[in-house]
>>> print(open('start.txt').read())   # compact mmCIF, N, CA and C atoms
# COMPACT_ATOMS: atom_id res chain seq x y z
N MET A 28 35.94 26.09 173.59
CA MET A 28 36.31 24.93 174.41
C MET A 28 35.21 23.88 174.26
N SER A 29 35.61 22.68 173.93
CA SER A 29 34.63 21.63 173.71
C SER A 29 34.10 21.05 175.03
N LYS A 30 34.97 20.80 175.96
CA LYS A 30 34.57 20.17 177.22
C LYS A 30 35.36 20.84 178.35
N PRO A 31 34.69 21.29 179.42
CA PRO A 31 35.44 21.93 180.52
C PRO A 31 36.31 20.93 181.27
N TRP A 32 37.49 21.39 181.66
CA TRP A 32 38.41 20.55 182.43
C TRP A 32 38.07 20.55 183.90
N PHE A 33 37.50 21.64 184.38
CA PHE A 33 37.19 21.81 185.80
C PHE A 33 35.74 22.24 185.96
N ARG A 34 35.20 21.97 187.13
CA ARG A 34 33.88 22.47 187.49
C ARG A 34 33.99 23.12 188.86
N PRO A 35 33.11 24.07 189.16
CA PRO A 35 33.18 24.70 190.48
C PRO A 35 32.88 23.70 191.59
N LYS A 36 33.52 23.92 192.73
CA LYS A 36 33.23 23.08 193.89
C LYS A 36 31.81 23.35 194.35
N GLN A 37 31.16 22.34 194.94
CA GLN A 37 29.79 22.51 195.40
C GLN A 37 29.74 23.41 196.63
N TYR A 38 30.72 23.31 197.51
CA TYR A 38 30.80 24.14 198.70
C TYR A 38 32.14 24.85 198.73
N GLY A 39 32.12 26.13 199.01
CA GLY A 39 33.37 26.87 199.13
C GLY A 39 33.75 27.57 197.85
N TYR A 40 35.05 27.83 197.73
CA TYR A 40 35.60 28.61 196.64
C TYR A 40 36.66 27.79 195.94
N GLY A 41 36.52 27.59 194.64
CA GLY A 41 37.54 26.85 193.93
C GLY A 41 36.97 25.92 192.89
N PHE A 42 37.85 25.09 192.34
CA PHE A 42 37.51 24.17 191.26
C PHE A 42 37.88 22.75 191.64
N THR A 43 37.28 21.82 190.92
CA THR A 43 37.65 20.42 191.03
C THR A 43 37.72 19.85 189.61
N PRO A 44 38.65 18.96 189.33
CA PRO A 44 38.75 18.41 187.98
C PRO A 44 37.48 17.67 187.57
N SER A 45 37.07 17.84 186.32
CA SER A 45 35.89 17.13 185.82
C SER A 45 36.21 16.31 184.58
N SER A 46 37.46 16.27 184.17
CA SER A 46 37.88 15.46 183.03
C SER A 46 39.31 14.99 183.26
N TRP A 47 39.77 14.13 182.38
CA TRP A 47 41.14 13.63 182.54
C TRP A 47 42.14 14.76 182.32
N GLU A 48 41.82 15.74 181.48
CA GLU A 48 42.74 16.86 181.28
C GLU A 48 42.89 17.69 182.55
N GLY A 49 41.79 17.91 183.26
CA GLY A 49 41.85 18.63 184.52
C GLY A 49 42.61 17.86 185.59
N ALA A 50 42.40 16.56 185.63
CA ALA A 50 43.13 15.73 186.59
C ALA A 50 44.63 15.73 186.27
N LEU A 51 44.97 15.64 184.99
CA LEU A 51 46.38 15.68 184.58
C LEU A 51 47.01 17.03 184.92
N ALA A 52 46.29 18.12 184.67
CA ALA A 52 46.81 19.45 185.00
C ALA A 52 47.05 19.57 186.50
N THR A 53 46.14 19.04 187.30
CA THR A 53 46.28 19.10 188.75
C THR A 53 47.47 18.28 189.23
N VAL A 54 47.62 17.08 188.69
CA VAL A 54 48.76 16.22 189.06
C VAL A 54 50.07 16.88 188.66
N LEU A 55 50.13 17.44 187.45
CA LEU A 55 51.35 18.13 187.01
C LEU A 55 51.67 19.31 187.91
N TYR A 56 50.66 20.07 188.30
CA TYR A 56 50.87 21.20 189.21
C TYR A 56 51.48 20.72 190.54
N VAL A 57 50.91 19.68 191.10
CA VAL A 57 51.40 19.16 192.38
C VAL A 57 52.84 18.65 192.23
N VAL A 58 53.13 17.93 191.16
CA VAL A 58 54.48 17.39 190.95
C VAL A 58 55.48 18.54 190.78
N ILE A 59 55.11 19.57 190.03
CA ILE A 59 56.02 20.70 189.82
C ILE A 59 56.27 21.44 191.13
N VAL A 60 55.23 21.68 191.93
CA VAL A 60 55.41 22.38 193.21
C VAL A 60 56.28 21.55 194.16
N ILE A 61 56.04 20.26 194.24
CA ILE A 61 56.86 19.41 195.10
C ILE A 61 58.31 19.42 194.63
N SER A 62 58.53 19.37 193.32
CA SER A 62 59.89 19.41 192.78
C SER A 62 60.58 20.72 193.10
N ILE A 63 59.86 21.83 192.96
CA ILE A 63 60.44 23.14 193.29
C ILE A 63 60.84 23.19 194.75
N VAL A 64 59.94 22.80 195.63
CA VAL A 64 60.21 22.88 197.07
C VAL A 64 61.32 21.91 197.47
N ARG A 65 61.39 20.78 196.81
CA ARG A 65 62.39 19.77 197.18
C ARG A 65 63.79 20.09 196.66
N PHE A 66 63.89 20.59 195.43
CA PHE A 66 65.21 20.70 194.80
C PHE A 66 65.74 22.11 194.62
N LEU A 67 64.89 23.11 194.44
CA LEU A 67 65.37 24.45 194.13
C LEU A 67 66.18 25.11 195.25
N PRO A 68 65.81 25.01 196.53
CA PRO A 68 66.57 25.72 197.56
C PRO A 68 68.03 25.30 197.67
N PHE A 69 68.36 24.09 197.23
CA PHE A 69 69.72 23.60 197.36
C PHE A 69 70.67 24.21 196.33
N GLU A 70 70.12 24.97 195.38
CA GLU A 70 70.94 25.61 194.36
C GLU A 70 71.57 26.91 194.87
N PHE A 71 71.16 27.37 196.04
CA PHE A 71 71.63 28.65 196.57
C PHE A 71 72.41 28.43 197.86
N SER A 72 73.53 29.13 197.98
CA SER A 72 74.33 29.00 199.20
C SER A 72 73.71 29.80 200.34
N ASP A 73 73.01 30.88 200.02
CA ASP A 73 72.35 31.71 201.03
C ASP A 73 70.95 31.13 201.28
N HIS A 74 70.68 30.74 202.51
CA HIS A 74 69.41 30.11 202.86
C HIS A 74 68.22 31.04 202.58
N LEU A 75 68.34 32.31 202.93
CA LEU A 75 67.25 33.25 202.72
C LEU A 75 66.95 33.42 201.24
N MET A 76 67.98 33.54 200.42
CA MET A 76 67.77 33.69 198.98
C MET A 76 67.10 32.45 198.40
N GLY A 77 67.47 31.28 198.87
CA GLY A 77 66.83 30.05 198.42
C GLY A 77 65.36 30.02 198.76
N MET A 78 65.02 30.48 199.96
CA MET A 78 63.61 30.53 200.36
C MET A 78 62.82 31.52 199.51
N ILE A 79 63.42 32.67 199.23
CA ILE A 79 62.73 33.69 198.44
C ILE A 79 62.50 33.20 197.01
N VAL A 80 63.53 32.64 196.41
CA VAL A 80 63.40 32.14 195.04
C VAL A 80 62.39 31.00 194.98
N THR A 81 62.40 30.13 195.96
CA THR A 81 61.44 29.03 196.02
C THR A 81 60.01 29.56 196.12
N ALA A 82 59.79 30.53 197.00
CA ALA A 82 58.46 31.11 197.17
C ALA A 82 57.98 31.77 195.89
N VAL A 83 58.85 32.52 195.23
CA VAL A 83 58.47 33.18 193.98
C VAL A 83 58.16 32.15 192.90
N ALA A 84 58.95 31.10 192.81
CA ALA A 84 58.71 30.06 191.82
C ALA A 84 57.37 29.37 192.06
N VAL A 85 57.06 29.06 193.32
CA VAL A 85 55.78 28.42 193.63
C VAL A 85 54.62 29.37 193.32
N LEU A 86 54.78 30.65 193.61
CA LEU A 86 53.72 31.62 193.29
C LEU A 86 53.50 31.73 191.78
N LEU A 87 54.55 31.72 191.00
CA LEU A 87 54.41 31.80 189.54
C LEU A 87 53.73 30.56 188.97
N VAL A 88 54.11 29.39 189.46
CA VAL A 88 53.48 28.15 188.99
C VAL A 88 52.01 28.12 189.41
N THR A 89 51.71 28.58 190.62
CA THR A 89 50.33 28.64 191.09
C THR A 89 49.51 29.60 190.25
N ALA A 90 50.06 30.77 189.93
CA ALA A 90 49.36 31.73 189.09
C ALA A 90 49.07 31.14 187.71
N ALA A 91 50.04 30.44 187.13
CA ALA A 91 49.83 29.80 185.83
C ALA A 91 48.74 28.74 185.91
N PHE A 92 48.75 27.95 186.98
CA PHE A 92 47.73 26.91 187.15
C PHE A 92 46.34 27.53 187.31
N LEU A 93 46.24 28.61 188.07
CA LEU A 93 44.94 29.27 188.24
C LEU A 93 44.44 29.89 186.94
N ILE A 94 45.34 30.37 186.11
CA ILE A 94 44.92 30.89 184.80
C ILE A 94 44.37 29.76 183.94
N VAL A 95 45.05 28.62 183.94
CA VAL A 95 44.54 27.46 183.19
C VAL A 95 43.17 27.05 183.73
N CYS A 96 43.03 27.02 185.05
CA CYS A 96 41.75 26.65 185.66
C CYS A 96 40.64 27.62 185.25
N SER A 97 40.91 28.91 185.35
CA SER A 97 39.87 29.90 185.06
C SER A 97 39.46 29.90 183.60
N ARG A 98 40.36 29.49 182.70
CA ARG A 98 40.01 29.46 181.27
C ARG A 98 39.35 28.15 180.84
N THR A 99 39.42 27.13 181.67
CA THR A 99 38.86 25.83 181.29
C THR A 99 37.80 25.36 182.27
N VAL A 100 37.19 26.28 183.01
CA VAL A 100 36.18 25.91 184.02
C VAL A 100 34.78 26.09 183.44
N GLU A 101 33.88 25.28 183.93
CA GLU A 101 32.47 25.39 183.59
C GLU A 101 31.84 26.34 184.61
N GLY A 102 31.43 27.51 184.18
CA GLY A 102 30.86 28.49 185.10
C GLY A 102 31.91 29.50 185.55
N VAL A 103 31.62 30.15 186.67
CA VAL A 103 32.52 31.19 187.19
C VAL A 103 32.99 30.81 188.59
N MET A 104 34.12 31.40 188.99
CA MET A 104 34.65 31.13 190.33
C MET A 104 34.00 32.10 191.31
N ARG A 105 33.29 31.56 192.27
CA ARG A 105 32.67 32.35 193.34
C ARG A 105 32.39 31.43 194.51
N TRP A 106 32.07 32.02 195.65
CA TRP A 106 31.75 31.24 196.84
C TRP A 106 30.42 30.52 196.62
N ARG A 107 30.33 29.26 197.02
CA ARG A 107 29.10 28.49 196.84
C ARG A 107 28.71 27.82 198.17
N TRP A 108 27.39 27.74 198.38
CA TRP A 108 26.84 27.12 199.58
C TRP A 108 26.03 25.88 199.24
N GLY A 109 26.39 25.17 198.24
CA GLY A 109 25.67 23.96 197.83
C GLY A 109 25.04 24.18 196.47
N ARG A 110 24.06 23.37 196.16
CA ARG A 110 23.40 23.47 194.84
C ARG A 110 22.68 24.79 194.72
N ASP A 111 22.82 25.39 193.53
CA ASP A 111 22.12 26.65 193.25
C ASP A 111 20.79 26.39 192.59
>>> encode(input="start.txt", output="structure tokens")
Amino acid sequence: MSKPWFRPKQYGYGFTPSSWEGALATVLYVVIVISIVRFLPFEFSDHLMGMIVTAVAVLLVTAAFLIVCSRTVEGVMRWRWGRD
């Protein structure tokens, strides 16, 4: 990897975008999740089934996004209390 897309947050647990690729990945993730939540439940006549399918779809997209983050991050994901 030539340049990391994400860097660890200074406080807490997680990542923040550090390049345009990371920002684009984050925006795409948010757009996809909003689209799933907005449009997918209406495809099912059973309300419970729509909720379950929506939750599973959001979990799969989130897992994919976290895999991209973990492979393109500078450093490791761990809890942080400020500058090390």
>>> residues_around(input="start.txt", residues="segment 91-108 of chain A", least_positions_apart="2", cutoff="8 Å", atoms="all atoms listed in the file", output="ChimeraX atom specification")
/A:28,30-42,52,56,85-89,110-111
>>> atom_distance(input="start.txt", atom1="atom C of Ser72 of chain A", atom2="atom CA of Val57 of chain A")
26.0 Å
>>> atom_distance(input="start.txt", atom1="atom N of Leu55 of chain A", atom2="atom CA of Met76 of chain A")
26.6 Å
>>> atom_distance(input="start.txt", atom1="atom CA of Trp47 of chain A", atom2="atom CA of Gly109 of chain A")
24.1 Å
>>> closest_residue(input="start.txt", among="A:Ser29, A:Thr43, A:Thr81, A:Thr53", to="Pro68 of chain A", atoms="only C-alpha atoms")
A:Thr81
>>> axis_aligned_box(input="start.txt", around="segment 68-79 of chain A", padding_each_side="8 Å", output="JSON")
{"center_x": 68.4, "center_y": 28.6, "center_z": 198.6, "size_x": 27.8, "size_y": 26.1, "size_z": 24.6}
>>> closest_residue(input="start.txt", among="A:Val64, A:Glu48, A:Phe69, A:Val54", to="Ala82 of chain A", atoms="only C-alpha atoms")
A:Val64
